[in-house]
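Coordinates as given in data-v1.csv (CSV, C-alpha atoms):
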chain,number,residue,atom,x,y,z
Q,1,MET,CA,22.2,-109.1,7.4
Q,2,ALA,CA,23.1,-105.4,7.4
Q,3,ILE,CA,21.5,-103.0,5.0
Q,4,THR,CA,22.7,-99.5,4.7
Q,5,GLY,CA,22.2,-96.4,2.5
Q,6,SER,CA,19.3,-96.1,0.2
Q,7,GLY,CA,18.2,-99.7,0.8
Q,8,SER,CA,17.2,-98.9,4.4
Q,9,LEU,CA,15.2,-95.8,3.2
Q,10,ALA,CA,13.3,-97.9,0.7
Q,11,ILE,CA,12.3,-100.5,3.3
Q,12,SER,CA,11.2,-97.8,5.7
Q,13,LEU,CA,9.1,-96.1,3.0
Q,14,SER,CA,7.5,-99.4,2.0
Q,15,VAL,CA,6.6,-100.1,5.6
Q,16,PHE,CA,5.1,-96.7,5.9
Q,17,VAL,CA,3.0,-97.0,2.7
Q,18,ILE,CA,1.5,-100.2,4.1
Q,19,SER,CA,0.9,-98.7,7.5
Q,20,ALA,CA,-0.8,-95.6,5.9
Q,21,ALA,CA,-3.1,-97.8,3.9
Q,22,PHE,CA,-4.0,-100.1,6.8
Q,23,LEU,CA,-4.2,-98.1,10.0
Q,24,PRO,CA,-4.5,-100.1,13.3
Q,25,LYS,CA,-7.8,-100.5,14.8
Q,26,GLY,CA,-8.7,-97.7,17.1
Q,27,LYS,CA,-6.5,-95.2,15.2
Q,28,ALA,CA,-9.4,-93.5,13.3
Q,29,CYS,CA,-8.4,-90.4,11.4
Q,30,GLN,CA,-9.8,-87.0,12.4
Q,31,GLN,CA,-10.6,-83.9,10.4
Q,32,THR,CA,-9.4,-80.9,12.3
Q,33,PRO,CA,-9.0,-77.2,11.4
Q,34,ASN,CA,-5.3,-77.7,12.0
Q,35,LEU,CA,-5.0,-79.4,8.6
Q,36,ALA,CA,-6.5,-77.8,5.5
Q,37,THR,CA,-6.5,-78.2,1.7
Q,38,ASP,CA,-8.7,-77.2,-1.3
Q,39,ASN,CA,-10.7,-78.8,-4.0
Q,40,VAL,CA,-9.3,-78.5,-7.5
Q,41,SER,CA,-10.9,-78.3,-10.9
Q,42,VAL,CA,-8.6,-78.8,-13.9
Q,43,ILE,CA,-9.0,-79.2,-17.6
Q,44,GLU,CA,-7.9,-82.5,-19.1
Q,45,GLY,CA,-4.3,-82.3,-20.1
Q,46,GLU,CA,-3.4,-79.4,-17.9
Q,47,MET,CA,-1.7,-79.2,-14.4
Q,48,ALA,CA,-3.3,-79.5,-11.0
Q,49,THR,CA,-1.8,-78.4,-7.7
Q,50,ILE,CA,-2.6,-79.9,-4.3
Q,51,SER,CA,-1.6,-78.0,-1.1
Q,52,CYS,CA,-1.6,-79.6,2.3
Q,53,ARG,CA,-1.3,-76.9,5.0
Q,54,VAL,CA,-0.7,-77.4,8.7
Q,55,LYS,CA,-1.5,-74.6,11.1
Q,56,ASN,CA,0.4,-76.0,14.1
Q,57,ASN,CA,2.9,-78.8,13.6
Q,58,ASP,CA,4.7,-80.6,16.4
Q,59,ASP,CA,7.2,-82.2,14.0
Q,60,SER,CA,4.7,-84.7,12.8
Q,61,VAL,CA,5.1,-86.2,9.3
Q,62,ILE,CA,3.0,-84.7,6.4
Q,63,GLN,CA,2.1,-87.0,3.5
Q,64,LEU,CA,-0.2,-87.0,0.4
Q,65,LEU,CA,-2.2,-90.0,-0.6
Q,66,ASN,CA,-4.0,-90.7,-3.9
Q,67,PRO,CA,-7.6,-91.9,-4.2
Q,68,ASN,CA,-6.4,-95.5,-3.7
Q,69,ARG,CA,-4.7,-94.3,-0.5
Q,70,GLN,CA,-1.2,-94.9,-1.9
Q,71,THR,CA,1.4,-92.5,-0.7
Q,72,ILE,CA,2.4,-89.9,-3.4
Q,73,TYR,CA,4.7,-87.9,-1.2
Q,74,PHE,CA,6.1,-88.8,2.3
Q,75,LYS,CA,7.5,-85.5,3.5
Q,76,ASP,CA,9.7,-84.5,0.5
Q,77,VAL,CA,10.2,-88.0,-0.8
Q,78,ARG,CA,8.0,-89.5,-3.6
Q,79,PRO,CA,7.6,-93.3,-3.2
Q,80,LEU,CA,5.0,-93.5,-6.0
Q,81,LYS,CA,6.6,-94.1,-9.4
Q,82,ASP,CA,4.6,-91.5,-11.3
Q,83,SER,CA,6.8,-88.8,-12.5
Q,84,ARG,CA,3.9,-86.5,-13.3
Q,85,PHE,CA,3.8,-85.8,-9.6
Q,86,GLN,CA,6.4,-83.2,-8.7
Q,87,LEU,CA,7.2,-81.5,-5.4
Q,88,VAL,CA,6.5,-77.7,-5.4
Q,89,ASN,CA,7.1,-76.9,-1.8
Q,90,PHE,CA,7.9,-78.7,1.5
Q,91,SER,CA,8.1,-77.2,4.9
Q,92,ASP,CA,6.9,-78.0,8.5
Q,93,ASN,CA,3.6,-76.2,7.6
Q,94,GLU,CA,3.0,-77.1,3.9
Q,95,LEU,CA,3.4,-80.0,1.4
Q,96,ARG,CA,2.5,-78.7,-2.1
Q,97,VAL,CA,2.5,-81.1,-5.1
Q,98,SER,CA,1.8,-80.6,-8.8
Q,99,LEU,CA,0.3,-83.2,-11.1
Q,100,SER,CA,0.9,-82.5,-14.9
Q,101,ASN,CA,-1.0,-83.8,-17.9
Q,102,VAL,CA,-4.1,-84.6,-15.9
Q,103,SER,CA,-6.4,-87.3,-17.3
Q,104,LEU,CA,-9.8,-88.6,-16.3
Q,105,SER,CA,-8.2,-91.5,-14.4
Q,106,ASP,CA,-6.7,-88.9,-12.0
Q,107,GLU,CA,-10.1,-87.7,-10.8
Q,108,GLY,CA,-11.0,-88.5,-7.2
Q,109,ARG,CA,-10.4,-87.7,-3.6
Q,110,TYR,CA,-6.8,-87.0,-2.5
Q,111,VAL,CA,-5.9,-87.2,1.2
Q,112,CYS,CA,-3.6,-84.8,3.1
Q,113,GLN,CA,-2.5,-86.7,6.2
Q,114,LEU,CA,-0.7,-85.5,9.3
Q,115,TYR,CA,0.8,-88.5,11.1
Q,116,THR,CA,-0.2,-87.8,14.7
Q,117,ASP,CA,-2.0,-89.9,17.2
Q,118,PRO,CA,-4.7,-90.3,16.0
Q,119,PRO,CA,-3.8,-89.2,12.4
Q,120,GLN,CA,-5.4,-86.0,11.0
Q,121,GLU,CA,-6.8,-85.9,7.5
Q,122,ALA,CA,-8.1,-83.3,5.0
Q,123,TYR,CA,-9.5,-84.1,1.6
Q,124,ALA,CA,-9.0,-82.5,-1.8
Q,125,ASP,CA,-11.4,-83.5,-4.6
Q,126,ILE,CA,-9.9,-83.2,-8.1
Q,127,THR,CA,-12.5,-82.7,-10.8
Q,128,VAL,CA,-11.3,-83.2,-14.4
Q,129,LEU,CA,-13.1,-81.0,-17.0
Q,130,VAL,CA,-13.3,-82.2,-20.6
Q,131,PRO,CA,-14.3,-79.5,-23.2
Q,132,PRO,CA,-16.6,-80.6,-26.0
Q,133,GLY,CA,-15.4,-80.9,-29.5
Q,134,SER,CA,-16.2,-78.3,-32.1
Q,135,PRO,CA,-20.0,-78.0,-32.4
Q,136,ILE,CA,-21.7,-79.2,-35.5
Q,137,ILE,CA,-24.7,-77.3,-36.9
Q,138,GLU,CA,-27.0,-78.8,-39.5
Q,139,SER,CA,-30.0,-77.5,-41.4
Q,140,ARG,CA,-33.0,-79.5,-42.6
Q,141,GLU,CA,-32.8,-77.7,-45.9
Q,142,ASP,CA,-30.1,-75.5,-47.5
Q,143,VAL,CA,-32.6,-72.8,-48.7
Q,144,VAL,CA,-36.1,-72.0,-47.5
Q,145,SER,CA,-38.8,-69.8,-49.0
Q,146,GLU,CA,-40.2,-66.9,-47.1
Q,147,GLY,CA,-43.1,-67.7,-44.9
Q,148,ASN,CA,-42.0,-71.3,-44.4
Q,149,GLU,CA,-40.4,-72.9,-41.3
Q,150,THR,CA,-36.8,-74.0,-41.1
Q,151,GLU,CA,-35.1,-76.3,-38.5
Q,152,LEU,CA,-31.5,-76.3,-37.3
Q,153,THR,CA,-29.7,-78.8,-35.1
Q,154,CYS,CA,-26.5,-78.2,-33.1
Q,155,THR,CA,-24.5,-81.0,-31.4
Q,156,ALA,CA,-21.7,-80.8,-28.9
Q,157,ILE,CA,-19.9,-84.1,-28.5
Q,158,GLY,CA,-17.8,-85.5,-25.6
Q,159,SER,CA,-17.8,-83.1,-22.8
Q,160,LYS,CA,-17.6,-83.3,-19.0
Q,161,PRO,CA,-19.8,-82.0,-17.5
Q,162,ALA,CA,-22.5,-81.7,-20.0
Q,163,ALA,CA,-22.4,-78.5,-22.1
Q,164,SER,CA,-25.3,-76.1,-22.5
Q,165,ILE,CA,-26.4,-74.7,-25.9
Q,166,ARG,CA,-27.8,-71.3,-26.7
Q,167,TRP,CA,-29.2,-70.0,-30.1
Q,168,MET,CA,-28.9,-66.5,-31.6
Q,169,LYS,CA,-30.5,-65.3,-34.8
Q,170,GLY,CA,-28.8,-62.0,-35.5
Q,171,GLU,CA,-29.5,-60.0,-32.3
Q,172,GLU,CA,-32.5,-62.2,-31.4
Q,173,GLU,CA,-32.2,-65.1,-28.9
Q,174,LEU,CA,-34.0,-68.2,-29.9
Q,175,THR,CA,-35.3,-71.1,-27.6
Q,176,GLY,CA,-34.3,-74.6,-28.5
Q,177,GLU,CA,-35.2,-78.1,-27.4
Q,178,THR,CA,-32.2,-79.8,-25.7
Q,179,THR,CA,-31.4,-83.5,-25.2
Q,180,VAL,CA,-28.5,-84.8,-23.1
Q,181,GLU,CA,-27.0,-88.2,-23.6
Q,182,GLU,CA,-24.4,-89.8,-21.2
Q,183,THR,CA,-21.8,-91.9,-23.1
Q,184,TYR,CA,-18.7,-93.5,-21.6
Q,185,ASP,CA,-16.5,-92.4,-18.7
Q,186,ARG,CA,-19.1,-89.9,-17.5
Q,187,MET,CA,-18.9,-88.0,-20.8
Q,188,PHE,CA,-21.9,-86.3,-22.4
Q,189,THR,CA,-23.2,-85.5,-25.8
Q,190,VAL,CA,-25.7,-82.6,-26.0
Q,191,SER,CA,-28.0,-81.7,-28.9
Q,192,SER,CA,-30.3,-78.7,-29.4
Q,193,ARG,CA,-32.9,-78.2,-32.1
Q,194,VAL,CA,-34.6,-74.9,-33.0
Q,195,ARG,CA,-37.5,-74.1,-35.4
Q,196,PHE,CA,-38.7,-70.8,-36.7
Q,197,SER,CA,-40.5,-69.2,-39.7
Q,198,VAL,CA,-38.4,-67.0,-42.0
Q,199,THR,CA,-39.1,-63.8,-43.9
Q,200,LYS,CA,-37.2,-62.1,-46.7
Q,201,GLU,CA,-35.5,-59.9,-44.1
Q,202,ASP,CA,-33.8,-63.1,-42.7
Q,203,ASP,CA,-31.9,-63.7,-45.9
Q,204,GLY,CA,-28.2,-63.6,-45.1
Q,205,VAL,CA,-28.8,-63.3,-41.3
Q,206,PRO,CA,-26.3,-65.5,-39.2
Q,207,VAL,CA,-27.7,-68.1,-36.8
Q,208,ASP,CA,-25.2,-68.9,-34.0
Q,209,CYS,CA,-25.1,-72.1,-31.9
Q,210,ILE,CA,-23.2,-71.0,-28.7
Q,211,ILE,CA,-21.6,-73.6,-26.4
Q,212,ASP,CA,-21.3,-72.8,-22.7
Q,213,HIS,CA,-18.9,-75.0,-20.7
Q,214,PRO,CA,-16.5,-74.3,-17.8
Q,215,ALA,CA,-13.5,-75.7,-19.7
Q,216,VAL,CA,-13.9,-73.5,-22.9
Q,217,LYS,CA,-14.9,-70.0,-24.0
Q,218,ASP,CA,-16.2,-68.5,-27.2
Q,219,LEU,CA,-17.1,-71.9,-28.8
Q,220,LEU,CA,-19.7,-71.6,-31.4
Q,221,ALA,CA,-20.9,-72.7,-34.8
Q,222,GLN,CA,-22.5,-70.4,-37.3
Q,223,ARG,CA,-24.8,-70.8,-40.3
Q,224,HIS,CA,-26.2,-68.0,-42.6
Q,225,LEU,CA,-29.8,-68.3,-43.7
Q,226,GLU,CA,-30.6,-68.4,-47.4
Q,227,VAL,CA,-34.2,-67.2,-47.9
Q,228,LEU,CA,-36.0,-67.2,-51.3
Q,229,TYR,CA,-38.6,-64.5,-51.7
Q,230,LYS,CA,-40.9,-63.2,-54.4
Q,231,PRO,CA,-40.1,-60.0,-56.3
Q,232,GLU,CA,-40.5,-56.4,-55.0
Q,233,VAL,CA,-41.8,-54.2,-57.8
Q,234,LYS,CA,-41.7,-50.4,-58.3
Q,235,ILE,CA,-42.6,-48.3,-61.4
Q,236,VAL,CA,-40.5,-45.2,-61.9
Q,237,VAL,CA,-41.5,-42.4,-64.3
Q,238,THR,CA,-38.4,-41.6,-66.4
Q,239,TYR,CA,-40.2,-39.0,-68.5
Q,240,PRO,CA,-41.9,-36.5,-68.2
Q,241,GLU,CA,-41.1,-34.9,-64.8
Q,242,GLY,CA,-44.4,-33.0,-64.4
Q,243,LEU,CA,-47.9,-33.4,-65.9
Q,244,THR,CA,-48.5,-35.8,-68.7
Q,245,ARG,CA,-50.1,-33.7,-71.5
Q,246,GLU,CA,-51.4,-34.4,-74.9
Q,247,GLY,CA,-48.6,-34.8,-77.4
Q,248,ASP,CA,-46.0,-35.7,-74.8
Q,249,ASN,CA,-44.1,-38.9,-74.7
Q,250,LEU,CA,-44.2,-41.3,-71.6
Q,251,ASP,CA,-41.3,-43.4,-70.5
Q,252,LEU,CA,-41.8,-45.9,-67.5
Q,253,THR,CA,-39.2,-48.2,-66.0
Q,254,CYS,CA,-40.1,-51.2,-63.9
Q,255,ILE,CA,-37.6,-52.0,-61.1
Q,256,ALA,CA,-38.0,-55.6,-59.7
Q,257,GLU,CA,-35.8,-57.3,-57.1
Q,258,GLY,CA,-36.2,-60.8,-55.7
Q,259,LYS,CA,-34.4,-64.0,-54.9
Q,260,PRO,CA,-34.0,-65.7,-57.2
Q,261,HIS,CA,-33.9,-62.7,-59.6
Q,262,PRO,CA,-37.2,-62.2,-61.5
Q,263,HIS,CA,-37.0,-64.2,-64.7
Q,264,GLN,CA,-39.9,-62.5,-66.3
Q,265,ILE,CA,-41.3,-58.9,-66.4
Q,266,ASN,CA,-44.5,-58.1,-68.3
Q,267,TRP,CA,-46.4,-54.9,-69.0
Q,268,LEU,CA,-50.2,-54.7,-69.3
Q,269,ARG,CA,-53.0,-52.3,-69.2
Q,270,VAL,CA,-55.7,-53.2,-66.6
Q,271,ASP,CA,-59.0,-54.0,-68.3
Q,272,GLU,CA,-57.8,-52.7,-71.7
Q,273,ASP,CA,-55.2,-53.4,-74.3
Q,274,VAL,CA,-51.9,-51.6,-74.4
Q,275,PRO,CA,-51.8,-48.9,-77.1
Q,276,PRO,CA,-50.7,-50.5,-80.3
Q,277,HIS,CA,-47.7,-48.3,-80.8
Q,278,ALA,CA,-46.4,-48.7,-77.2
Q,279,VAL,CA,-42.9,-50.1,-77.1
Q,280,VAL,CA,-41.8,-52.6,-74.4
Q,281,THR,CA,-38.1,-53.1,-74.1
Q,282,GLY,CA,-37.2,-55.3,-71.2
Q,283,SER,CA,-38.4,-53.6,-68.1
Q,284,ASP,CA,-39.2,-50.3,-69.9
Q,285,LEU,CA,-42.5,-49.1,-71.4
Q,286,TYR,CA,-42.4,-46.3,-73.9
Q,287,ILE,CA,-45.5,-44.5,-75.4
Q,288,GLU,CA,-45.2,-41.5,-77.7
Q,289,ASN,CA,-47.6,-38.8,-78.7
Q,290,LEU,CA,-50.0,-39.2,-75.7
Q,291,ASN,CA,-53.7,-38.5,-76.0
Q,292,LYS,CA,-56.6,-38.9,-73.6
Q,293,SER,CA,-57.6,-42.3,-75.0
Q,294,TYR,CA,-54.5,-43.7,-73.4
Q,295,ASN,CA,-55.8,-42.9,-69.9
Q,296,GLY,CA,-55.9,-46.0,-67.6
Q,297,THR,CA,-53.9,-48.1,-65.2
Q,298,TYR,CA,-50.6,-49.6,-66.5
Q,299,ARG,CA,-49.2,-52.6,-64.5
Q,300,CYS,CA,-45.8,-54.1,-64.3
Q,301,VAL,CA,-45.8,-57.8,-63.3
Q,302,ALA,CA,-42.6,-59.6,-62.2
Q,303,SER,CA,-42.3,-63.3,-61.3
Q,304,ASN,CA,-39.7,-65.8,-60.1
Q,305,ALA,CA,-39.8,-69.3,-58.7
Q,306,VAL,CA,-41.3,-68.2,-55.4
Q,307,GLY,CA,-44.2,-66.1,-56.8
Q,308,GLU,CA,-45.2,-62.9,-58.6
Q,309,ALA,CA,-45.8,-59.3,-57.6
Q,310,TYR,CA,-46.8,-56.1,-59.4
Q,311,ASP,CA,-47.0,-52.3,-59.2
Q,312,ASP,CA,-49.5,-49.9,-60.9
Q,313,TYR,CA,-49.1,-46.6,-62.6
Q,314,ILE,CA,-52.3,-44.5,-63.3
Q,315,LEU,CA,-52.0,-42.4,-66.5
Q,316,TYR,CA,-54.1,-39.3,-66.9
Q,317,VAL,CA,-53.4,-37.2,-69.9
Q,318,TYR,CA,-54.1,-33.4,-69.5
Q,319,ASP,CA,-54.8,-30.8,-72.1
Q,320,SER,CA,-51.7,-29.6,-73.9
Q,321,ARG,CA,-51.8,-26.2,-72.2
Q,322,ALA,CA,-52.7,-27.6,-68.7
Q,323,GLY,CA,-50.6,-26.1,-65.9
Q,324,GLU,CA,-49.6,-22.9,-67.9
Q,325,GLY,CA,-50.4,-19.5,-66.3
Q,326,ALA,CA,-51.8,-21.1,-63.2
Q,327,PRO,CA,-52.4,-18.6,-60.4
Q,328,GLN,CA,-49.7,-18.4,-57.8
Q,329,LYS,CA,-50.4,-20.3,-54.7
Q,330,ILE,CA,-51.7,-18.3,-51.8
Q,331,ASP,CA,-49.6,-18.4,-48.7
Q,332,HIS,CA,-52.3,-19.2,-46.1
Q,333,ALA,CA,-49.8,-18.9,-43.3
Q,334,VAL,CA,-49.0,-15.3,-44.1
Q,335,ILE,CA,-52.8,-14.4,-44.4
Q,336,GLY,CA,-53.4,-16.1,-41.1
Q,337,GLY,CA,-50.6,-14.1,-39.4
Q,338,VAL,CA,-52.0,-10.8,-40.7
Q,339,VAL,CA,-55.5,-11.6,-39.5
Q,340,ALA,CA,-54.2,-12.5,-36.1
Q,341,VAL,CA,-52.3,-9.2,-35.8
Q,342,VAL,CA,-55.4,-7.2,-36.8
Q,343,MET,CA,-57.6,-9.0,-34.4
Q,344,PHE,CA,-55.1,-8.4,-31.6
Q,345,ALA,CA,-55.0,-4.7,-32.4
Q,346,ILE,CA,-58.8,-4.4,-32.3
Q,347,LEU,CA,-58.9,-6.2,-29.0
Q,348,CYS,CA,-56.4,-3.9,-27.5
Q,349,ALA,CA,-58.3,-0.8,-28.7
Q,350,LEU,CA,-61.5,-2.1,-27.2
Q,351,ILE,CA,-59.8,-2.6,-23.8
Q,352,VAL,CA,-58.4,0.9,-23.9
Q,353,LEU,CA,-61.7,2.6,-24.8
Q,354,GLY,CA,-63.6,0.6,-22.2
Q,355,ARG,CA,-61.2,1.7,-19.4
Q,356,TYR,CA,-61.4,5.4,-20.6
Q,357,PHE,CA,-65.3,5.5,-20.5
Q,358,ALA,CA,-65.3,3.8,-17.2
Q,359,ARG,CA,-63.3,6.7,-15.7
Q,360,HIS,CA,-65.4,9.6,-17.2
Q,361,LYS,CA,-69.0,9.5,-16.0
Q,362,GLY,CA,-71.5,12.2,-17.5
Q,363,THR,CA,-74.2,14.1,-15.5
Q,364,TYR,CA,-77.2,15.8,-17.1
Q,365,PHE,CA,-80.6,17.1,-16.1
Q,366,THR,CA,-84.0,15.8,-17.0
Q,367,HIS,CA,-86.7,18.0,-18.5
Q,368,GLU,CA,-88.4,18.3,-15.1
Q,369,ALA,CA,-85.4,20.3,-13.8
Q,370,LYS,CA,-84.9,22.6,-16.8
Q,371,GLY,CA,-84.7,26.3,-15.8
Q,372,ALA,CA,-83.9,25.6,-12.2
Q,373,ASP,CA,-80.3,26.7,-12.7
Q,374,ASP,CA,-81.3,30.4,-13.2
Q,375,ALA,CA,-83.6,30.7,-10.2
Q,376,ALA,CA,-82.7,33.0,-7.4
Q,377,ASP,CA,-84.1,30.8,-4.7
Q,378,ALA,CA,-85.7,27.5,-4.3
Q,379,ASP,CA,-89.3,28.8,-4.7
Q,380,THR,CA,-88.5,30.5,-7.9
Q,381,ALA,CA,-86.8,27.3,-9.2
Q,382,ILE,CA,-90.0,25.4,-8.5
Q,383,ILE,CA,-92.1,28.0,-10.3
Q,384,ASN,CA,-89.8,28.1,-13.3
Q,385,ALA,CA,-89.6,24.4,-13.6
Q,386,GLU,CA,-91.6,23.0,-16.5
Q,387,GLY,CA,-94.5,21.1,-15.6
Q,388,GLY,CA,-95.0,22.6,-12.2
Q,389,HIS,CA,-93.8,19.6,-10.3
Q,390,ASN,CA,-93.1,20.0,-6.6
Q,391,ASN,CA,-90.2,17.5,-6.7
Q,392,THR,CA,-87.0,19.5,-6.2
Q,393,ASP,CA,-84.6,16.5,-6.3
Q,394,GLU,CA,-82.1,16.6,-9.1
Q,395,LYS,CA,-82.3,13.6,-11.4
Q,396,LYS,CA,-79.0,12.1,-12.6
Q,397,GLU,CA,-78.3,9.5,-15.1
Q,398,TYR,CA,-74.9,7.9,-15.7
Q,399,TYR,CA,-73.5,6.4,-18.8
Q,400,ILE,CA,-70.4,4.5,-19.7
Any chance you could give the structure as structure tokens?
Amino acid sequence: MAITGSGSLAISLSVFVISAAFLPKGKACQQTPNLATDNVSVIEGEMATISCRVKNNDDSVIQLLNPNRQTIYFKDVRPLKDSRFQLVNFSDNELRVSLSNVSLSDEGRYVCQLYTDPPQEAYADITVLVPPGSPIIESREDVVSEGNETELTCTAIGSKPAASIRWMKGEEELTGETTVEETYDRMFTVSSRVRFSVTKEDDGVPVDCIIDHPAVKDLLAQRHLEVLYKPEVKIVVTYPEGLTREGDNLDLTCIAEGKPHPHQINWLRVDEDVPPHAVVTGSDLYIENLNKSYNGTYRCVASNAVGEAYDDYILYVYDSRAGEGAPQKIDHAVIGGVVAVVMFAILCALIVLGRYFARHKGTYFTHEAKGADDAADADTAIINAEGGHNNTDEKKEYYI
């Protein structure tokens, strides 16, 4: 029977596929620097490219085998019926093949083979990366009161390899407890749990669950904290601006902020009753015609579901003319400057006088030498000297 055309090519390829899969004994493959390829990491659903490169080729056949050692490409012909494999380049020194729409089943070791005697082989491992699904962040409670502890859990499902999880609270990094569970097809589910105490400053602060994985970037889930806290209270004097004097009116305003908003604000006088004609309107306290019997501590108390807080104002009523005609304040800085200048001038004068007296020494005679200046000779000087002493030495004293 004569077979021509494409039929003879198909038979020869089939024979070669069988021979590639079952090499004769004694024909062990060799790994040599002459044949090279590279490992490939590819995200599921994307394209992988395998390159078989020959440094020195003596017209030997280059082929590419799949992990089951089935021939994908024999030279520039594809015997394998998988159209996802496409020839990118073929020459004496390279066979380059692309694989589109990669799936987990494509993962494994691919073989570049140069059909010499013995055959030469190089291996390319394809690793398929599967990104996790969108992370899910859950909280033990929707709202938390200040000072209490809250707990958040973040889960990343179905990734390969296992993802890692980081936590950020605002600009602060938190440390979580991580668990990794392997599911099917070497897929992983990762969960992380974090606990921390909250303050009122944490209200509205974002907490981020950040997923790190080689197949995906910028994957995170976010939750804003909702913190309840007791009121913050402050009393503001609306009137008067200066001293509180007898006969004046007093107007105080209580400012209270909290979460939830304070539902009750009360005014009281510590250890005493509020003056009978004092008027309380909401958060304002108004007292007219002050007198000294109103002196005391006035307190504003605000409360909400979390707790209560207060602020105090101490009232002291002065005489009606207090503060009038008060002497002007002395500028101590000016006085200090003047004193310093005066002391410096005195010090300079003392230094100058000291140097002057040191350079002008005085000489004078004692009583014993009186009259000696007018004597004609030494004998006469001795006779004229008072006291009749025989000592002719001149006595000198110096002063500064």
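Between atom CA of Glu151 of chain Q and atom CA of Gly176 of chain Q the interatomic distance comes to 10.2 Å.
Our summary of the geometry notes that atom CA of Tyr318 of chain Q is positioned 7.3 Å from atom CA of Lys292 of chain Q.
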Spatial neighbours of Asp284 of chain Q, max dist 7 Å, only C-alpha atoms, sep filter under 3 positions, as an NGL selection string:
:Q and (252-254 or 280-281)
Between atom CA of Leu315 of chain Q and atom CA of Thr244 of chain Q, distance in Å (one decimal):
7.8 Å
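Within 9 Å of segment 233-239 of chain Q, once only C-alpha atoms are used and residues closer than 4 positions along the same chain are dropped, the contacting residues are Thr244, Asn249, Leu250, Asp251, Leu252, Thr253, Cys254, Ile255, Ala256, Glu257, Gly258, Arg299, Cys300, Val301, Ala302, Ala309, Tyr310, Asp311, Asp312 and Tyr313 of chain Q.
Using only C-alpha atoms, the nearest neighbour of Phe188 of chain Q within the list Q:Arg109, Q:Pro132, Q:Glu94, Q:Asp212 is Q:Pro132.
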